[in-house]
Structures are given as structure tokens and as C-alpha cells.
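Engineer: Here it is: the structure, laid out below.
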Amino acid sequence: MRALVIDDSRAMRSILGKIMGELRYEVVEAVNGRHGLERLREIGKPDLVLVDWNMPEMNGLDFIRAVRADRAFQDLVIMMVTTETEMAQVAKALEAGATEYLMKPFTKDTIIEKLALLGVAPA
Amino acid sequence: MALSQAAFEFARTLVRQRSGIVLENEKAYLVESRLTVVARNEGFASVDLLLEQARTQPLNGLQVKVVEAMTTNETSFFRDVQPFEALRQLVLPDLIKRRAQEKQLTIWCGAASTGQEPYSLAILLREHFPILAGWKVNILATDLSLEILERAKRGRYSQVEVNRGLSARLLVKFFDKQGLEWQLKEDIRRLITFRQLNLIEAWPWMAPADVILVRNVLIYFDVETKKAILGKVKRLLRPDGFLFLGGAETTMNLDDGFDRVEFERAGCYRLRKS
Ligand SMILES: C[S@@+](CC[C@H](N)C(=O)[O-])C[C@H]1O[C@@H](n2cnc3c(N)ncnc32)[C@H](O)[C@@H]1O
């Protein structure tokens with residue numbers, strides 16, 4: 001299983017990377033939306049994308065819109081992981097094409113529970 | 001300050017008698033840490049003093065607080081996923097067919113804790129079974145702890161709680177954000193009746209149930225208590241109804257009146273045909 005983790009914070013990438021690694025995911029990192037799109041082009045379709053909302057150059061919302069515009073990525077599983085916690089924002093992310101939404105802070109268990117919901121839980 | 005052995009014995013016996021929860025010796029630390037909070041809230045300088053008062057003044061409500069403090073209320077929306085998949089794919093379609101004439105369903109959650117389990121059920125019904133709009137659907141949710149039931153009734157959850165097991169789509173659809181908390185909509189809340197019920201005491205009259213959930217509570221009881229509860233569940237469940245237990249619970253070696261339903265990790269059982 002492979003996950004693309006997109007976050008401008010190195011600390012957050014490392015936390016998510018560690019959790020996903022423990023769940024036996026191979027992790028590919030990107031530092032913003034644009035970088036994330038490049039990574040997708042390089043590695044093809046991962047099993048899961050975890051993407052932050054607020055990032056320089058291209059934010060998570062624009063990343064999701066760009067990804068969904070590409071037919072090849074219509075069914076890519078994308079979970080937004082963000083400090084944005086207002087109802088309108090959750091709705092906006094879903095509308096843009098996010099599959100799931102996780103509000104920071106979270107724990108490893110929260111991630112596992114979301115993966116179970118998404119049907120991409122580790123064996 | 002460490003809890004005295006005598007105080008621990010008193011707490012252990014009280015909790016066992018009132019709730020059925022078995023506290024092994026290794027749980028002394030748990031008793032101490034949970035009761036430290038109660039002692040502080042109630043203005044006692046130590047857990048020993050709290051328990052002394054609870055012992056000598058049995059009617060002042062402290063005993064209830066001690067017992068409630070020793071319940072574990074850990075829960076989450078759509079906990080373990082699979083039981084809810086079984087309900088959606090198998091149990092509810094089956095019951096909807098069987099009850100097509102009476103158009104009535106009765107569901108009982110026997111250890112509802114803070115409400116995530118009955119609310120998940122109600123959300124599932126709303127989301128996937130619009131046909132039930134014209135039916136009489138009774139969801140009864142009970143628990144031992146009154147304090148917990150009060151929280152359950154409010155249907156207000158923290159961000160941490162809604163992060164757990166609830167899909168964002170359902171969050172947006174069935175909750176309103178109020179301040180930092182998430183309030184379940186009235187439309188779902190009114191589907192559920194909350195009431196106190198102690199599983200180890202005599203049960204009040206209840207309508208025969210189509211689905212019973214007693215999940216993640218039998219684990220705290222001794223074998224005799226588990227057997228007694230399963231025996232009563234057997235009498236309350238309609239002959240073609242379904243029982244759900246928690247992931248670490250089973251009827252095996254306790255009651256041979258049940259058969260496991262083939263649905264991976266759902267903890268679902270039916271009455272054995274005799
Ligand atoms: C771990 S929670 C389980 C919640 C939910 N069923 C689930 O699976 O997520 C256990 C609940 O059982 C309740 N409980 C403990 N002893 C009980 C008793 N004797 N009668 C009724 N409820 C009891 C506790 O108050 C607690 O809320």
C-alpha cells in the first residue's frame with residue numbers, strides 16, 4: 001500500500017509518515033499541492049492521499065480540484081487533514097472532491113478508524 | 001497517597017454488587033485514579049476518606065458516583081465498522097422483508113454509553129432505508145450510568161469524538177456546529193429513547209426486540225453474570241431477531257442457544273433453531 005502525504009509542515013509530514021509507516025504503508029511526501037501533483041505524475045495512483053488545506057503555492061483544495069479534473073484520478077482516495085474545523089469548510093472540501101476529512105489534532109487510532117471507513121485499512 | 005487495601009475491597013465489592021463489573025487486584029491503580037477525581041469533586045482530601053463516607057453514609061449518593069466512576073465509557077461512531085455493515089447489508093434488509101406486514105421494528109442498545117452507538121444506528125436507518133419512514137421504528141438506548149445518559153441525550157460531541165468513525169459526509173448532513181462542539185440534529189435525536197437500565201438487575205418490561213446490541217460490556221462481567229444476561233437476551237429477542245456483541249465478546253462456552261451469523265467481524269448472532 002502506498003500513501004502520498006502532502007503538507008508544508010515538515011513536522012506534520014513526519015508525524016503522518018510515521019503513523020502510515022507503522023500501518024505498513026510506503027509513504028511518498030510532497031510539500032504543497034503543486035508538488036503533490038508532480039509526485040502523482042511520477043508515482044502513478046497511490047492507495048491514499050493525505051492532504052493539508054493551507055499550503056503555499058497550491059493549497060489542498062486546489063490540489064483536490066486539479067486531481068479530480070483528471071479522469072485517471074476520479075476514484076483516487078483523498079483525505080483532507082487540516083486545522084480547519086468549520087462546517088462550511090468540511091462541506092467545501094467534500095464538494096471539491098475530498099473523499100474524507102480529518103480535523104487536527106488526531107491520533108493514530110483516529111487515522112486507523114478513518115482508513116477503515118475508506119476501505120483502505122491495513123491488513 | 002496509595003489506596004488502603006480495605007478501601008479497595010470496599011470499592012471493589014460495591015462496584016461488583018451494583019454493576020457486575022469485576023475489578024481484579026491489578027485494577028487498584030485504576031480505582032485510585034478514577035476515584036481521585038471523584039474525591040476532588042466531592043471535596044474529600046483522599047480517596048480513602050471518600051470511600052469511608054460512602055460506606056458509612058450509604059444513602060447520600062456517593063456510592064452511585066463511585067460505581068459510575070468505575071464504568072468504562074469508551075465508544076465511537078460506527079465502532080468497528082463491520083457490525084454496521086452487517087446491519088446495512090444483511091440484517092435490516094432481512095427484517096424489512098419479514099416485517100413487511102407489521103411495519104414495525106424494535107431495536108435495543110443495552111450499553112449505549114455516550115450515545116454514539118444508537119445514533120450511528122439511527123443515522124444508518126435514515127441514510128440507507130428511506131422505506132422505514134412509513135414504519136414505526138423504536139430505538140431504545142439504555143445504560144447504567146445516569147451521568148453518561150445525560151450526555152447521550154444531549155447529542156453534543158467534541159471534535160475529537162466526531163473525528164472518530166464518522167464520515168465527513170454524515171457529519172455535514174446530520175450535525176450542526178455550535179461553538180467548538182457538534183450538535184446532532186433533532187431529526188435524528190428524536191428517533192431514540194434513552195432510559196436507565198442495569199443489565200444485572202431485573203429488567204423492566206420491554207417490547208420483544210428485532211435487534212439487540214450489548215456491545216463491549218459483557219467483557220467487564222464474570223462468567224455467571226454473562227450467562228444470566230445472555231439468557232435474558234434470548235428471551236427478549238424475537239425468534240428471527242439478531243444480537244450484536246463486541247469484538248472481544250462471544251456466546252461461545254456461555255450459551256449454546258445462539259448461532260454466529262456468517263459476516264466477518266460483525267459479532268452478530270441469531271437464536272439457534274431448536
Ligand atoms: C465500553 S462502553 C460500550 C459502549 C458501546 N456499546 C460500544 O460498544 O461502543 C460500556 C458501557 O456499559 C455500561 N455498563 C457497565 N455496567 C453496566 C450495567 N451493569 N448495566 C448497564 N450498563 C452498564 C457503562 O456505563 C458503559 O457506558
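The way I read the labels, and the way they are meant: chains A, B, ... in the order of the C-alpha cells, residue 1 as the first residue of every chain, and ligand 1 as the first ligand shown, with later ones counted on from there.
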May I have the residues within 8 Å of ligand 1, computed using only C-alpha atoms and all ligand atoms, as a VMD selection string?

Structural biologist: chain B and resid 18 to 21 68 71 to 77 79 109 to 117 142 to 145 148 196 to 201 213 to 217 220 246

Engineer: For the residues in the current selection, export C-alpha atoms as an mmCIF file, in the first residue's frame.

Structural biologist:
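File out33.cif, as written:
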```cif
data_model
loop_
_atom_site.group_PDB
_atom_site.id
_atom_site.type_symbol
_atom_site.label_atom_id
_atom_site.label_comp_id
_atom_site.auth_asym_id
_atom_site.auth_seq_id
_atom_site.Cartn_x
_atom_site.Cartn_y
_atom_site.Cartn_z
ATOM 1 C CA ARG B 18 -24.142 -2.622 41.795
ATOM 2 C CA SER B 19 -22.851 -3.037 38.243
ATOM 3 C CA GLY B 20 -21.427 -6.530 37.857
ATOM 4 C CA ILE B 21 -18.086 -5.017 36.885
ATOM 5 C CA GLU B 68 -20.386 5.302 37.795
ATOM 6 C CA THR B 71 -17.569 2.216 34.331
ATOM 7 C CA THR B 72 -15.585 2.487 31.119
ATOM 8 C CA ASN B 73 -17.467 4.542 28.579
ATOM 9 C CA GLU B 74 -15.116 4.255 25.626
ATOM 10 C CA THR B 75 -17.128 4.254 22.405
ATOM 11 C CA SER B 76 -17.206 5.786 18.934
ATOM 12 C CA PHE B 77 -19.498 6.310 15.977
ATOM 13 C CA ARG B 79 -17.476 1.413 16.110
ATOM 14 C CA CYS B 109 -28.904 -0.792 22.668
ATOM 15 C CA GLY B 110 -28.176 -2.185 26.111
ATOM 16 C CA ALA B 111 -24.902 -0.349 26.845
ATOM 17 C CA ALA B 112 -25.345 2.894 24.978
ATOM 18 C CA SER B 113 -22.673 4.912 26.789
ATOM 19 C CA THR B 114 -22.493 8.478 25.420
ATOM 20 C CA GLY B 115 -24.851 7.663 22.552
ATOM 21 C CA GLN B 116 -22.606 7.132 19.552
ATOM 22 C CA GLU B 117 -23.878 3.580 19.060
ATOM 23 C CA THR B 142 -30.066 2.247 27.918
ATOM 24 C CA ASP B 143 -27.075 2.391 30.214
ATOM 25 C CA LEU B 144 -26.314 2.041 33.895
ATOM 26 C CA SER B 145 -24.821 5.473 34.299
ATOM 27 C CA ILE B 148 -23.484 9.259 30.814
ATOM 28 C CA GLN B 196 -31.540 3.886 32.629
ATOM 29 C CA LEU B 197 -31.304 0.128 32.850
ATOM 30 C CA ASN B 198 -28.981 -2.024 34.906
ATOM 31 C CA LEU B 199 -28.169 -5.190 32.981
ATOM 32 C CA ILE B 200 -27.536 -7.195 36.160
ATOM 33 C CA GLU B 201 -30.809 -6.330 37.841
ATOM 34 C CA LEU B 213 -26.873 -4.658 20.797
ATOM 35 C CA VAL B 214 -24.983 -5.370 24.016
ATOM 36 C CA ARG B 215 -21.547 -4.494 22.832
ATOM 37 C CA ASN B 216 -18.384 -4.095 24.834
ATOM 38 C CA VAL B 217 -19.951 -4.503 28.235
ATOM 39 C CA TYR B 220 -16.390 -6.449 32.350
ATOM 40 C CA GLY B 246 -18.487 -6.533 20.900
#
```

Engineer: Pick out each residue of range 58-207 of chain B that DSSP on the backbone tags as strand (DSSP E); I need them as a ChimeraX atom specification.

Structural biologist: /B:104-109,136-143,156-157,175-178,181-184,192-196

Engineer: Near chain B, meaning an atom within 9 Å, which residues of chain A appear when counting only C-alpha atoms? Write them as an NGL selection string.

Structural biologist: :A and (85-88 or 90-91 or 94 or 99-106 or 109-111 or 113-114 or 116-118)

Engineer: Near Glu127 in chain B, within 10 Å and counting only C-alpha atoms, which residues show up once chain neighbours fewer than 6 positions away are dropped, as a PyMOL selection string?

Structural biologist: chain B and resi 88+121+170+173-174

Engineer: Dump N, CA and C atoms for the selected residues as a short mmCIF file (atom, residue, chain, number, x, y, z; two decimals), in the first residue's frame?

Structural biologist:
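File selection_32.cif, as written:
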```cif
data_model
loop_
_atom_site.label_atom_id
_atom_site.label_comp_id
_atom_site.auth_asym_id
_atom_site.auth_seq_id
_atom_site.Cartn_x
_atom_site.Cartn_y
_atom_site.Cartn_z
N ARG B 88 -26.50 -3.06 7.60
CA ARG B 88 -26.92 -2.45 6.34
C ARG B 88 -27.14 -3.50 5.24
N LEU B 121 -26.79 3.98 14.60
CA LEU B 121 -27.89 3.17 14.09
C LEU B 121 -28.96 4.03 13.44
N LEU B 170 -21.47 12.30 6.53
CA LEU B 170 -22.54 12.17 7.52
C LEU B 170 -22.47 13.30 8.54
N LYS B 173 -24.10 16.23 7.06
CA LYS B 173 -25.52 16.02 6.84
C LYS B 173 -26.35 16.02 8.12
N PHE B 174 -25.79 15.47 9.18
CA PHE B 174 -26.62 15.25 10.37
C PHE B 174 -26.25 16.07 11.60
#
```

Engineer: Which value, in Å to one decimal, gives the distance between CA of Gly43 in chain B and CA of Lys65 in chain B?

Structural biologist: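 Spanning CA of Gly43 in chain B to CA of Lys65 in chain B is a straight-line distance of 13.2 Å.
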
Engineer: Can you measure CA of Phe221 in chain B to CA of Leu50 in chain B for me? One decimal in Å is fine.

Structural biologist: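 The value is 25.0 Å.
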
Engineer: Using only C-alpha atoms, determine which residues lie at most 10 Å from Ala69 in chain B, disregarding the query and same-chain residues fewer than 2 positions distant; provide the list as a compact mmCIF listing (two decimals) with N, CA and C atoms, in the first residue's frame.

Structural biologist:
```txt
# COMPACT_ATOMS: atom_id res chain seq x y z
N VAL B 15 -18.81 -1.96 43.62
CA VAL B 15 -18.92 -1.88 42.17
C VAL B 15 -19.45 -3.20 41.61
N VAL B 31 -8.83 2.16 40.06
CA VAL B 31 -9.78 2.60 41.09
C VAL B 31 -9.26 3.89 41.70
N SER B 33 -7.08 6.11 40.49
CA SER B 33 -7.02 7.31 39.65
C SER B 33 -8.43 7.84 39.33
N ARG B 34 -9.38 6.93 39.09
CA ARG B 34 -10.74 7.39 38.80
C ARG B 34 -11.37 8.03 40.04
N LEU B 35 -11.15 7.39 41.21
CA LEU B 35 -11.81 7.90 42.41
C LEU B 35 -11.12 9.15 42.95
N THR B 36 -9.89 9.39 42.55
CA THR B 36 -9.22 10.62 42.94
C THR B 36 -9.99 11.82 42.39
N VAL B 37 -10.48 11.66 41.18
CA VAL B 37 -11.26 12.73 40.55
C VAL B 37 -12.56 12.95 41.32
N VAL B 38 -13.23 11.82 41.66
CA VAL B 38 -14.50 11.93 42.40
C VAL B 38 -14.24 12.60 43.75
N GLN B 63 -22.20 6.53 46.71
CA GLN B 63 -21.98 5.17 46.19
C GLN B 63 -22.24 5.13 44.68
N VAL B 64 -23.30 5.82 44.29
CA VAL B 64 -23.61 5.85 42.85
C VAL B 64 -22.45 6.49 42.09
N LYS B 65 -21.92 7.57 42.65
CA LYS B 65 -20.81 8.25 41.97
C LYS B 65 -19.59 7.33 41.86
N VAL B 66 -19.35 6.57 42.93
CA VAL B 66 -18.20 5.65 42.91
C VAL B 66 -18.41 4.60 41.81
N VAL B 67 -19.62 4.04 41.77
CA VAL B 67 -19.89 3.00 40.77
C VAL B 67 -19.80 3.57 39.36
N THR B 71 -17.17 2.74 35.64
CA THR B 71 -17.57 2.22 34.33
C THR B 71 -16.63 2.78 33.27
N THR B 72 -16.41 2.01 32.23
CA THR B 72 -15.59 2.49 31.12
C THR B 72 -16.52 2.84 29.99
N ASN B 73 -16.46 4.07 29.53
CA ASN B 73 -17.47 4.54 28.58
C ASN B 73 -16.94 4.70 27.16
N SER B 145 -25.26 4.19 33.76
CA SER B 145 -24.82 5.47 34.30
C SER B 145 -25.72 6.64 33.89
N GLU B 147 -25.25 9.80 34.54
CA GLU B 147 -24.45 10.93 34.07
C GLU B 147 -24.14 10.78 32.59
```

Engineer: Pick out the residues sitting within 8 Å of Trp108 in chain B, and hand them over as an MDAnalysis selection string; count only C-alpha atoms, and ignore anything fewer than 2 positions along from it in its own chain.

Structural biologist: chainID B and resid 106 110 139:142 209 211:213

Engineer: Restricting the calculation to only C-alpha atoms, which member of A:Val77, A:Met12, A:Ala3, A:Leu37 is positioned closest to Phe63 in chain A?

Structural biologist: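 Comparing A:Val77, A:Met12, A:Ala3, A:Leu37 against Phe63 in chain A, the winner is A:Leu37.
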
Engineer: Could you work out how far CA of Leu146 in chain B lies from CA of Leu49 in chain B, giving the answer in Å with one decimal?

Structural biologist: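 Atom-to-atom, CA of Leu49 in chain B to CA of Leu146 in chain B, that is 24.0 Å.
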
Engineer: So that I can check the surroundings of Gly33 in chain A, please list as a PyMOL selection string every protein, DNA and RNA residue that reaches within 10 Å of it, counting only C-alpha atoms and ignoring chain neighbours fewer than 3 positions away.

Structural biologist: chain A and resi 6-8+30+36-39+51-64+66-67

Engineer: Determine, counting only C-alpha atoms, which protein, DNA and RNA residues have an atom within 12 Å of an atom of Glu9 in chain B; residues of the same chain fewer than 2 positions away are not included. Present the result as a ChimeraX atom specification.

Structural biologist: /B:3-7,11-16,22-25,27-28,31-32,48,51-52,55
